[in-house]
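Engineer: Take this structure, written in structure tokens, and hold onto it; I'll ask about it next.
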Amino acid sequence: MRPRQAVALTLQSAATYLKGAGPALAMRLRALNIERVQDLLFHLPTRYEDRRNAVALNALKDGEEMLVRGRVSQADVRYAGRRSLRVLLDDDKGTLLLRFFHFNEQQKKSFEAGRWVMAYGTVRFGSQGWEIVHPQYRVAESAEALKSEDKLTPIYPLTTGITQAKLGTLVAQALDVATRDLAFNLALPGLTGPDTLAALRAIHRPASDADAALLLQMQHPAQKRLIHEELLAHQLCMRMLRNAVKSRPAQPLSAAAVAQKHLQDVLPFKFTGAQERVMGDIAKDIAAKRPMLRLIQGDVGSGKTVVAAVAMLAAARAGWQAALMAPTELLAEQHYINFTKWFGPLGFEVVFLAGKLKKSQKEKLLARVAAGEVPLLIGTHAVFQDTVRFQKLALVVVDEQHRFGVQQRLALRDKGPKMLTPHQLIMSATPIPRTLAQTLYADLDVSVIDELPPGRTPVVTVAMSNERRPDVLARIGEVCAQGRQAYWVCTLVEESEHLEAQAAEETAETLRKELPQLKVGLVHGRMKPDEKETAMRAFKLGETQLLVATTVIEVGVDVPNASIMIIENAERLGLSQLHQLRGRVGRGAVESQCVLMYQSPISNNARQRLAVMRATNDGFQIAQQDLELRGPGEILGRRQTGLIGLKVADPVRDAALIPALQQLADDWLTQYPREAKQLITRWVGDVEKYAQV
Ligand code: ADP
Ligand code: MG
């Protein structure tokens, strides 16, 4: 074996060859998507901490992260409520309390009166004055011994077992490797600002000059440059994937207008104008010889299902097969029931690939699908497993798109008969502003159903503090006595499925005691899928009257008889999530209610959010407000932004850059295909892995 030092590192070397990285770290780095040295360069700080100047104790600001320095005037352990260590600091201008709930004897001893402490953390103004809970800190005998940093401290996304310091040293080595690599700085036609290497240096190792303010605001030219690079790479990638699908042949399905008329004839309601418009978009797409790649966006209850049904009917009428994939078994069953009702009279069989089918039943069914005898197949993602073969699949519909990523969508193309790629229709109930859709769904055409079917009574929303729980219970009792049903949604601020499940279980227990006349059901994310299904089904059938649930009910389950929803801790949820939850009621003819419960006192911002919920039922308006109130990045939740995995760019904050970059991406694809691939590899990773483009 060669000694490690002898290996000349390149950007493509495994990151584990770096000094201080060994094999033990490999797995942890992989959890951060870091395999090669180059990946470290693009593992960018998500923010900076400013530990350059200690703030005087009379200049503290509530809610801000700050560096402070003071003399210990007193340190003691209190037992009121929770045991805590309290350290009072003093700097002649003011005082500040440091509080620790987890501490050891040695820590306690170190805070000797008269010693100096430098601490960093979020400052709060509490009932006992200024304080920081669990700060990072150092202790010394004199103030002079506590030097502040002379540069901003970059903060990287971490995983367990890796510290900021460790990542910092690895990144520094990666920068050195990049500096030696003459090929690293690609010329990127059309982009201005510092070159890639200079930008990376400025961001990873901030200089100690006036740039700090810009960096902290993500306004530094280096950040702008990388944001442009990343968004360009993303657009290039999505366009290449789209072009790859669009360049394949598909089966033209021409009679969508006829299908629309036939379906209208068996439906008890008339299509809305918005539905007809979107059906028109789809009809045009599927009549073409290239696969449709279309997303339908429409608020909960806007009637996306029938729109998809028309396209499926067009496929069936032409003698082809269509498949619909729903995110849960229960939703699949719901679709199956509706489609059977609609397509039965038209003479088309609908088949449900249910999870509970016996092996022999399933095999028989799959044989019929493979023989092309089944025109319409409905199920969960099981529909697209390898064991399911279609003879003539021409159309795929995916419901509630946010559960499926680009890769899964691309896998669909192999499902069509030889050479033919199925048309793809994706339905999403997450309303997002148009500018954002251009980033998230850059590979899709988008149609919007922006009108609800007539005759809906809007959900009446009220906000109530927890003190009014007795009133809320009484209201639930009344509603259920009238034969209706109720949801009780438990939410926790920490994203712990375990704690949330526990809270739901406890709540269900309490409610059973408080409302003994009601049958109370329970569904949460820690239950097995079939337990969940059973609980949901019992509620759907009216066997339980009050369903205690965590946010797992968010996705499109339809129980029209449920007319009231209580959401606990509503002040902690984002608007979009509240809106999704609320969409579960107001599906029947009676007036429905949504009660947003909160623990007072609540912040101004939370108060505004609740006010928006009371003021409107319009998902797009709510999405826009969410954007303004919560700020960029949060609107979609981690789940969705995670899907497209952006590192520096923010699809909300940077939306205005997109149109120009889309244009640039088109130019690049024709003029600089080689650079395009390099840029994609750098920012997005190995695209070819999932899309042999
Ligand atoms: P979503 O867009 O949330 O998936 P659905 O497709 O489930 O909404 O439709 C919600 C309800 O509205 C269903 O019961 C459906 O039958 C009904 N619906 C759909 N279109 C119309 C319409 N044009 N007029 C009246 N009711 C409709
Ligand atoms: Mg739906």
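Letters A, B, ... go to the chains of the structure tokens in the order shown; residues in each chain start at 1; ligands are counted from 1 in the same order.
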Which residues are near ligand 2 - at most 10 Å, using only C-alpha atoms and all ligand atoms? Format: as a PyMOL selection string.
Structural biologist: chain A and resi 298-306+326+331+334-335+399-400+427-429+555-558
Engineer: As a list in words, please: every residue in stretch 500-536 of chain A that a backbone DSSP assignment puts in strand (DSSP E).
Structural biologist: Val520, Gly521, Leu522 and Val523 of chain A
Engineer: Nearest to A:Ala442: which of A:Ile602, A:Val278, A:Leu241, A:Ala382 is it, counting only C-alpha atoms?
Structural biologist: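 Looking only at the distances to A:Ala442, the closest residue turns out to be A:Leu241.
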Engineer: Counting only C-alpha atoms and all ligand atoms, figure out which residue out of A:Val72, A:Ala463, A:Ile203, A:Ala308 gets nearest to ligand 1.
Structural biologist: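 Using only C-alpha atoms and all ligand atoms, ligand 1 sits closest to A:Ala308.
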Engineer: Select from stretch 184-393 of chain A everything DSSP, run on the backbone, classes as helix (DSSP H, G or I), then give the selection as number ranges by chain.
Structural biologist: A: 196-204, 212-216, 221-246, 256-266, 273-286, 304-317, 329-343, 359-370, 381-384
Engineer: Go through A:Val398, A:Ala508, A:Ala31, A:Val548 one by one, measure the shortest atom-to-atom distance of each to ligand 1 using only C-alpha atoms and all ligand atoms, and give the residue with the smallest value.
Structural biologist: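 Among A:Val398, A:Ala508, A:Ala31, A:Val548, it is A:Val398 that comes nearest to ligand 1.
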Engineer: I'd like the contact shell of A:Val397 - 8 Å cut-off, only C-alpha atoms, skipping same-chain residues fewer than 4 positions apart - returned as a ChimeraX atom specification.
Structural biologist: /A:308,322-325,424-427
Engineer: Hey, can you spit out that residue selection with all heavy atoms as a PDB file, in the first residue's frame?
Structural biologist:
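Listed below is the output, again-v1.pdb:
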```
ATOM      1  N   ALA A 308     -58.381  14.345 -14.704  1.00  0.00           N
ATOM      2  CA  ALA A 308     -57.529  13.211 -15.026  1.00  0.00           C
ATOM      3  C   ALA A 308     -58.359  12.085 -15.633  1.00  0.00           C
ATOM      4  O   ALA A 308     -57.912  11.394 -16.559  1.00  0.00           O
ATOM      5  CB  ALA A 308     -56.822  12.722 -13.765  1.00  0.00           C
ATOM      6  N   ALA A 322     -54.431   2.984 -19.171  1.00  0.00           N
ATOM      7  CA  ALA A 322     -54.028   4.123 -18.356  1.00  0.00           C
ATOM      8  C   ALA A 322     -53.922   3.662 -16.908  1.00  0.00           C
ATOM      9  O   ALA A 322     -54.648   2.768 -16.480  1.00  0.00           O
ATOM     10  CB  ALA A 322     -55.057   5.247 -18.474  1.00  0.00           C
ATOM     11  N   ALA A 323     -52.991   4.270 -16.181  1.00  0.00           N
ATOM     12  CA  ALA A 323     -52.810   3.892 -14.780  1.00  0.00           C
ATOM     13  C   ALA A 323     -52.779   5.129 -13.911  1.00  0.00           C
ATOM     14  O   ALA A 323     -52.281   6.177 -14.325  1.00  0.00           O
ATOM     15  CB  ALA A 323     -51.510   3.112 -14.614  1.00  0.00           C
ATOM     16  N   LEU A 324     -53.338   4.996 -12.715  1.00  0.00           N
ATOM     17  CA  LEU A 324     -53.332   6.110 -11.775  1.00  0.00           C
ATOM     18  C   LEU A 324     -52.640   5.668 -10.496  1.00  0.00           C
ATOM     19  O   LEU A 324     -52.941   4.621  -9.936  1.00  0.00           O
ATOM     20  CB  LEU A 324     -54.760   6.559 -11.469  1.00  0.00           C
ATOM     21  CG  LEU A 324     -54.927   7.813 -10.591  1.00  0.00           C
ATOM     22  CD1 LEU A 324     -56.266   8.478 -10.904  1.00  0.00           C
ATOM     23  CD2 LEU A 324     -54.860   7.525  -9.116  1.00  0.00           C
ATOM     24  N   MET A 325     -51.695   6.485 -10.036  1.00  0.00           N
ATOM     25  CA  MET A 325     -50.958   6.174  -8.813  1.00  0.00           C
ATOM     26  C   MET A 325     -51.303   7.199  -7.740  1.00  0.00           C
ATOM     27  O   MET A 325     -51.176   8.402  -7.939  1.00  0.00           O
ATOM     28  CB  MET A 325     -49.462   6.219  -9.113  1.00  0.00           C
ATOM     29  CG  MET A 325     -48.583   6.304  -7.885  1.00  0.00           C
ATOM     30  SD  MET A 325     -46.886   5.846  -8.247  1.00  0.00           S
ATOM     31  CE  MET A 325     -46.369   7.140  -9.349  1.00  0.00           C
ATOM     32  N   GLN A 424     -47.637  11.718 -19.299  1.00  0.00           N
ATOM     33  CA  GLN A 424     -47.636  11.832 -17.840  1.00  0.00           C
ATOM     34  C   GLN A 424     -48.428  13.046 -17.368  1.00  0.00           C
ATOM     35  O   GLN A 424     -48.203  14.157 -17.834  1.00  0.00           O
ATOM     36  CB  GLN A 424     -46.199  11.963 -17.323  1.00  0.00           C
ATOM     37  CG  GLN A 424     -45.355  10.744 -17.643  1.00  0.00           C
ATOM     38  CD  GLN A 424     -43.912  10.932 -17.189  1.00  0.00           C
ATOM     39  OE1 GLN A 424     -43.637  11.650 -16.229  1.00  0.00           O
ATOM     40  NE2 GLN A 424     -42.993  10.279 -17.884  1.00  0.00           N
ATOM     41  N   LEU A 425     -49.317  12.785 -16.446  1.00  0.00           N
ATOM     42  CA  LEU A 425     -50.132  13.849 -15.866  1.00  0.00           C
ATOM     43  C   LEU A 425     -49.941  13.795 -14.361  1.00  0.00           C
ATOM     44  O   LEU A 425     -50.118  12.756 -13.739  1.00  0.00           O
ATOM     45  CB  LEU A 425     -51.602  13.612 -16.213  1.00  0.00           C
ATOM     46  CG  LEU A 425     -52.574  14.702 -15.798  1.00  0.00           C
ATOM     47  CD1 LEU A 425     -52.236  16.013 -16.499  1.00  0.00           C
ATOM     48  CD2 LEU A 425     -54.001  14.293 -16.137  1.00  0.00           C
ATOM     49  N   ILE A 426     -49.541  14.924 -13.801  1.00  0.00           N
ATOM     50  CA  ILE A 426     -49.249  14.952 -12.372  1.00  0.00           C
ATOM     51  C   ILE A 426     -50.189  15.948 -11.712  1.00  0.00           C
ATOM     52  O   ILE A 426     -50.383  17.049 -12.211  1.00  0.00           O
ATOM     53  CB  ILE A 426     -47.775  15.339 -12.154  1.00  0.00           C
ATOM     54  CG1 ILE A 426     -46.885  14.196 -12.654  1.00  0.00           C
ATOM     55  CG2 ILE A 426     -47.468  15.597 -10.706  1.00  0.00           C
ATOM     56  CD1 ILE A 426     -46.000  14.551 -13.776  1.00  0.00           C
ATOM     57  N   MET A 427     -50.787  15.535 -10.598  1.00  0.00           N
ATOM     58  CA  MET A 427     -51.738  16.432  -9.931  1.00  0.00           C
ATOM     59  C   MET A 427     -51.187  16.860  -8.586  1.00  0.00           C
ATOM     60  O   MET A 427     -50.759  16.032  -7.798  1.00  0.00           O
ATOM     61  CB  MET A 427     -53.063  15.709  -9.711  1.00  0.00           C
ATOM     62  CG  MET A 427     -53.686  15.227 -10.997  1.00  0.00           C
ATOM     63  SD  MET A 427     -55.374  14.700 -10.738  1.00  0.00           S
ATOM     64  CE  MET A 427     -55.135  13.026 -10.181  1.00  0.00           C
TER      65      MET A 427
END
```
Engineer: Using only C-alpha atoms and all ligand atoms, which of A:Met464, A:Ala503, A:Leu215, A:Val266 sits nearest ligand 1?
Structural biologist: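 With only C-alpha atoms and all ligand atoms as the atom set, the closest residue is A:Val266.
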Engineer: Between A:Thr430, A:Gln482, A:Ser127, A:Thr544, single out the one closest to ligand 1, counting only C-alpha atoms and all ligand atoms.
Structural biologist: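 Of A:Thr430, A:Gln482, A:Ser127, A:Thr544, the one nearest ligand 1, counting only C-alpha atoms and all ligand atoms, is A:Thr430.
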Engineer: Using only C-alpha atoms and all ligand atoms, pick whichever of A:Gln662, A:Thr95, A:Gln297, A:Asn617 has the shortest atom-to-atom distance to ligand 1.
Structural biologist: A:Gln297
Engineer: Skipping near chain neighbours, those fewer than 3 positions away, what residues fall within 12 Å of A:Ala318 using only C-alpha atoms, listed as number ranges by chain?
Structural biologist: A: 251-256, 258-259, 286-287, 311-315, 321-322, 348, 375, 392-395
Engineer: Neighbouring residues of A:Gln217 were defined as those with any atom within 12 Å, considering only C-alpha atoms; residues of the same chain fewer than 4 positions away were excluded. Please report them as an MDAnalysis selection string.
Structural biologist: chainID A and resid 46:49 211:213 221 223:224 653
Engineer: Keeping only N, CA, C and O atoms, write the selected residues as an mmCIF file, in the first residue's frame.
Structural biologist:
```cif
data_model
loop_
_atom_site.group_PDB
_atom_site.id
_atom_site.type_symbol
_atom_site.label_atom_id
_atom_site.label_comp_id
_atom_site.auth_asym_id
_atom_site.auth_seq_id
_atom_site.Cartn_x
_atom_site.Cartn_y
_atom_site.Cartn_z
ATOM 1 N N THR A 46 -24.705 27.443 5.247
ATOM 2 C CA THR A 46 -26.066 27.943 5.068
ATOM 3 C C THR A 46 -26.233 29.295 5.749
ATOM 4 O O THR A 46 -27.183 30.010 5.499
ATOM 5 N N ARG A 47 -25.322 29.605 6.671
ATOM 6 C CA ARG A 47 -25.366 30.922 7.299
ATOM 7 C C ARG A 47 -24.006 31.197 7.946
ATOM 8 O O ARG A 47 -23.107 30.349 7.901
ATOM 9 N N TYR A 48 -23.886 32.361 8.551
ATOM 10 C CA TYR A 48 -22.648 32.736 9.240
ATOM 11 C C TYR A 48 -22.978 33.182 10.642
ATOM 12 O O TYR A 48 -24.049 33.711 10.898
ATOM 13 N N GLU A 49 -22.051 32.966 11.543
ATOM 14 C CA GLU A 49 -22.193 33.560 12.861
ATOM 15 C C GLU A 49 -21.162 34.660 12.985
ATOM 16 O O GLU A 49 -20.006 34.503 12.578
ATOM 17 N N ASP A 211 -17.034 43.093 3.721
ATOM 18 C CA ASP A 211 -17.953 42.223 2.993
ATOM 19 C C ASP A 211 -18.920 41.491 3.913
ATOM 20 O O ASP A 211 -19.914 40.926 3.472
ATOM 21 N N ALA A 212 -18.591 41.463 5.200
ATOM 22 C CA ALA A 212 -19.369 40.640 6.126
ATOM 23 C C ALA A 212 -20.864 40.925 6.070
ATOM 24 O O ALA A 212 -21.678 40.009 6.017
ATOM 25 N N ALA A 213 -21.194 42.209 6.061
ATOM 26 C CA ALA A 213 -22.614 42.565 6.061
ATOM 27 C C ALA A 213 -23.307 41.966 4.840
ATOM 28 O O ALA A 213 -24.406 41.425 4.933
ATOM 29 N N PRO A 221 -21.294 39.504 -3.827
ATOM 30 C CA PRO A 221 -21.156 39.117 -5.237
ATOM 31 C C PRO A 221 -20.782 37.636 -5.401
ATOM 32 O O PRO A 221 -21.209 36.989 -6.358
ATOM 33 N N GLN A 223 -21.732 35.168 -3.452
ATOM 34 C CA GLN A 223 -22.952 34.391 -3.262
ATOM 35 C C GLN A 223 -23.860 34.506 -4.479
ATOM 36 O O GLN A 223 -24.420 33.525 -4.952
ATOM 37 N N LYS A 224 -23.954 35.756 -5.000
ATOM 38 C CA LYS A 224 -24.799 35.953 -6.178
ATOM 39 C C LYS A 224 -24.303 35.094 -7.342
ATOM 40 O O LYS A 224 -25.081 34.494 -8.067
ATOM 41 N N ARG A 653 -36.673 33.300 -2.761
ATOM 42 C CA ARG A 653 -35.904 34.545 -2.743
ATOM 43 C C ARG A 653 -35.375 34.885 -4.126
ATOM 44 O O ARG A 653 -35.355 36.037 -4.542
#
```
Engineer: Hey, what's within 12 Å of A:Ala481 if we count only C-alpha atoms and toss same-chain stuff fewer than 6 positions away? As a ChimeraX atom specification, please?
Structural biologist: /A:474-475,515,517-519,545-546
Engineer: Just how far from atom CA of A:Leu376 is atom CA of A:Ala316, in Å to one decimal?
Structural biologist: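 Distance reported for this atom pair: 7.1 Å.
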Engineer: Using only C-alpha atoms, which protein or nucleic acid residues come within 12 Å of A:Asn243? Drop anything in the same chain fewer than 2 positions from it, and give the result as a PDB file with N, CA, C and O atoms, in the first residue's frame.
Structural biologist:
```
ATOM      1  N   GLN A 235     -31.680  24.533 -13.960  1.00  0.00           N
ATOM      2  CA  GLN A 235     -32.494  24.677 -15.167  1.00  0.00           C
ATOM      3  C   GLN A 235     -31.968  23.783 -16.287  1.00  0.00           C
ATOM      4  O   GLN A 235     -32.741  23.160 -17.008  1.00  0.00           O
ATOM      5  N   LEU A 236     -30.664  23.733 -16.437  1.00  0.00           N
ATOM      6  CA  LEU A 236     -30.068  22.891 -17.479  1.00  0.00           C
ATOM      7  C   LEU A 236     -30.459  21.438 -17.259  1.00  0.00           C
ATOM      8  O   LEU A 236     -30.853  20.731 -18.191  1.00  0.00           O
ATOM      9  N   CYS A 237     -30.341  21.017 -16.015  1.00  0.00           N
ATOM     10  CA  CYS A 237     -30.625  19.635 -15.682  1.00  0.00           C
ATOM     11  C   CYS A 237     -32.083  19.287 -15.977  1.00  0.00           C
ATOM     12  O   CYS A 237     -32.384  18.303 -16.657  1.00  0.00           O
ATOM     13  N   MET A 238     -32.984  20.136 -15.496  1.00  0.00           N
ATOM     14  CA  MET A 238     -34.396  19.863 -15.713  1.00  0.00           C
ATOM     15  C   MET A 238     -34.733  19.881 -17.201  1.00  0.00           C
ATOM     16  O   MET A 238     -35.533  19.097 -17.685  1.00  0.00           O
ATOM     17  N   ARG A 239     -34.110  20.805 -17.932  1.00  0.00           N
ATOM     18  CA  ARG A 239     -34.382  20.883 -19.364  1.00  0.00           C
ATOM     19  C   ARG A 239     -33.844  19.669 -20.095  1.00  0.00           C
ATOM     20  O   ARG A 239     -34.466  19.170 -21.026  1.00  0.00           O
ATOM     21  N   MET A 240     -32.693  19.213 -19.693  1.00  0.00           N
ATOM     22  CA  MET A 240     -32.142  18.030 -20.351  1.00  0.00           C
ATOM     23  C   MET A 240     -33.029  16.822 -20.099  1.00  0.00           C
ATOM     24  O   MET A 240     -33.282  16.024 -20.997  1.00  0.00           O
ATOM     25  N   LEU A 241     -33.480  16.695 -18.859  1.00  0.00           N
ATOM     26  CA  LEU A 241     -34.355  15.573 -18.539  1.00  0.00           C
ATOM     27  C   LEU A 241     -35.651  15.667 -19.346  1.00  0.00           C
ATOM     28  O   LEU A 241     -36.135  14.696 -19.907  1.00  0.00           O
ATOM     29  N   VAL A 245     -37.108  13.099 -22.279  1.00  0.00           N
ATOM     30  CA  VAL A 245     -38.419  12.453 -22.330  1.00  0.00           C
ATOM     31  C   VAL A 245     -39.169  12.890 -23.584  1.00  0.00           C
ATOM     32  O   VAL A 245     -39.737  12.088 -24.315  1.00  0.00           O
ATOM     33  N   LYS A 246     -39.113  14.205 -23.845  1.00  0.00           N
ATOM     34  CA  LYS A 246     -39.862  14.748 -24.983  1.00  0.00           C
ATOM     35  C   LYS A 246     -39.347  14.254 -26.335  1.00  0.00           C
ATOM     36  O   LYS A 246     -40.035  14.361 -27.339  1.00  0.00           O
ATOM     37  N   SER A 247     -38.124  13.769 -26.367  1.00  0.00           N
ATOM     38  CA  SER A 247     -37.598  13.327 -27.661  1.00  0.00           C
ATOM     39  C   SER A 247     -38.043  11.901 -27.971  1.00  0.00           C
ATOM     40  O   SER A 247     -37.778  11.377 -29.037  1.00  0.00           O
ATOM     41  N   ARG A 248     -38.712  11.282 -27.015  1.00  0.00           N
ATOM     42  CA  ARG A 248     -39.154   9.912 -27.243  1.00  0.00           C
ATOM     43  C   ARG A 248     -40.552   9.904 -27.850  1.00  0.00           C
ATOM     44  O   ARG A 248     -41.338  10.821 -27.639  1.00  0.00           O
ATOM     45  N   PRO A 249     -40.861   8.857 -28.597  1.00  0.00           N
ATOM     46  CA  PRO A 249     -42.197   8.796 -29.185  1.00  0.00           C
ATOM     47  C   PRO A 249     -43.252   8.397 -28.155  1.00  0.00           C
ATOM     48  O   PRO A 249     -42.944   7.702 -27.190  1.00  0.00           O
ATOM     49  N   ARG A 290     -45.431  13.126 -28.962  1.00  0.00           N
ATOM     50  CA  ARG A 290     -44.425  13.178 -27.892  1.00  0.00           C
ATOM     51  C   ARG A 290     -45.144  13.102 -26.557  1.00  0.00           C
ATOM     52  O   ARG A 290     -46.280  13.562 -26.439  1.00  0.00           O
ATOM     53  N   PRO A 291     -44.482  12.558 -25.545  1.00  0.00           N
ATOM     54  CA  PRO A 291     -45.191  12.380 -24.273  1.00  0.00           C
ATOM     55  C   PRO A 291     -45.594  13.712 -23.630  1.00  0.00           C
ATOM     56  O   PRO A 291     -44.814  14.663 -23.641  1.00  0.00           O
ATOM     57  N   MET A 292     -46.790  13.736 -23.086  1.00  0.00           N
ATOM     58  CA  MET A 292     -47.212  14.875 -22.276  1.00  0.00           C
ATOM     59  C   MET A 292     -46.415  14.867 -20.980  1.00  0.00           C
ATOM     60  O   MET A 292     -46.110  13.820 -20.419  1.00  0.00           O
ATOM     61  N   LEU A 293     -46.018  16.045 -20.526  1.00  0.00           N
ATOM     62  CA  LEU A 293     -45.397  16.181 -19.203  1.00  0.00           C
ATOM     63  C   LEU A 293     -46.104  17.350 -18.551  1.00  0.00           C
ATOM     64  O   LEU A 293     -45.658  18.490 -18.644  1.00  0.00           O
ATOM     65  N   LEU A 410     -39.262   9.776 -13.964  1.00  0.00           N
ATOM     66  CA  LEU A 410     -38.506   9.312 -15.116  1.00  0.00           C
ATOM     67  C   LEU A 410     -38.575   7.802 -15.266  1.00  0.00           C
ATOM     68  O   LEU A 410     -38.544   7.273 -16.365  1.00  0.00           O
ATOM     69  N   ALA A 442     -39.543  22.825 -13.364  1.00  0.00           N
ATOM     70  CA  ALA A 442     -38.987  23.335 -14.606  1.00  0.00           C
ATOM     71  C   ALA A 442     -39.091  22.323 -15.738  1.00  0.00           C
ATOM     72  O   ALA A 442     -38.981  22.680 -16.899  1.00  0.00           O
ATOM     73  N   ASP A 443     -39.299  21.050 -15.399  1.00  0.00           N
ATOM     74  CA  ASP A 443     -39.389  20.051 -16.469  1.00  0.00           C
ATOM     75  C   ASP A 443     -40.828  19.798 -16.895  1.00  0.00           C
ATOM     76  O   ASP A 443     -41.082  18.981 -17.759  1.00  0.00           O
ATOM     77  N   LEU A 444     -41.765  20.489 -16.288  1.00  0.00           N
ATOM     78  CA  LEU A 444     -43.176  20.210 -16.574  1.00  0.00           C
ATOM     79  C   LEU A 444     -43.884  21.429 -17.141  1.00  0.00           C
ATOM     80  O   LEU A 444     -43.531  22.562 -16.844  1.00  0.00           O
ATOM     81  N   ASP A 666     -31.342  27.636 -22.341  1.00  0.00           N
ATOM     82  CA  ASP A 666     -31.639  27.228 -23.713  1.00  0.00           C
ATOM     83  C   ASP A 666     -30.455  27.489 -24.635  1.00  0.00           C
ATOM     84  O   ASP A 666     -30.103  26.654 -25.469  1.00  0.00           O
ATOM     85  N   LEU A 669     -27.712  24.926 -24.014  1.00  0.00           N
ATOM     86  CA  LEU A 669     -27.978  23.573 -24.503  1.00  0.00           C
ATOM     87  C   LEU A 669     -27.632  23.445 -25.972  1.00  0.00           C
ATOM     88  O   LEU A 669     -27.177  22.399 -26.423  1.00  0.00           O
ATOM     89  N   ALA A 691     -31.064   9.277 -15.448  1.00  0.00           N
ATOM     90  CA  ALA A 691     -31.676   9.681 -16.705  1.00  0.00           C
ATOM     91  C   ALA A 691     -30.699   9.538 -17.850  1.00  0.00           C
ATOM     92  O   ALA A 691     -30.127  10.489 -18.271  1.00  0.00           O
ATOM     93  N   GLN A 692     -30.515   8.364 -18.373  1.00  0.00           N
ATOM     94  CA  GLN A 692     -29.474   8.189 -19.375  1.00  0.00           C
ATOM     95  C   GLN A 692     -29.635   9.175 -20.519  1.00  0.00           C
ATOM     96  O   GLN A 692     -30.084   8.821 -21.597  1.00  0.00           O
ATOM     97  N   VAL A 693     -29.275  10.434 -20.267  1.00  0.00           N
ATOM     98  CA  VAL A 693     -29.462  11.460 -21.311  1.00  0.00           C
ATOM     99  C   VAL A 693     -28.305  11.451 -22.290  1.00  0.00           C
ATOM    100  O   VAL A 693     -27.234  10.987 -21.960  1.00  0.00           O
TER     101      VAL A 693
END
```
Engineer: So how many Å separate atom CA of A:Ala250 and atom CA of A:Lys415, to one decimal?
Structural biologist: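 Atom CA of A:Lys415 lies 11.8 Å from atom CA of A:Ala250.
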Engineer: By how many Å are atom CA of A:Leu67 and atom CA of A:Arg138 apart?
Structural biologist: 11.3 Å
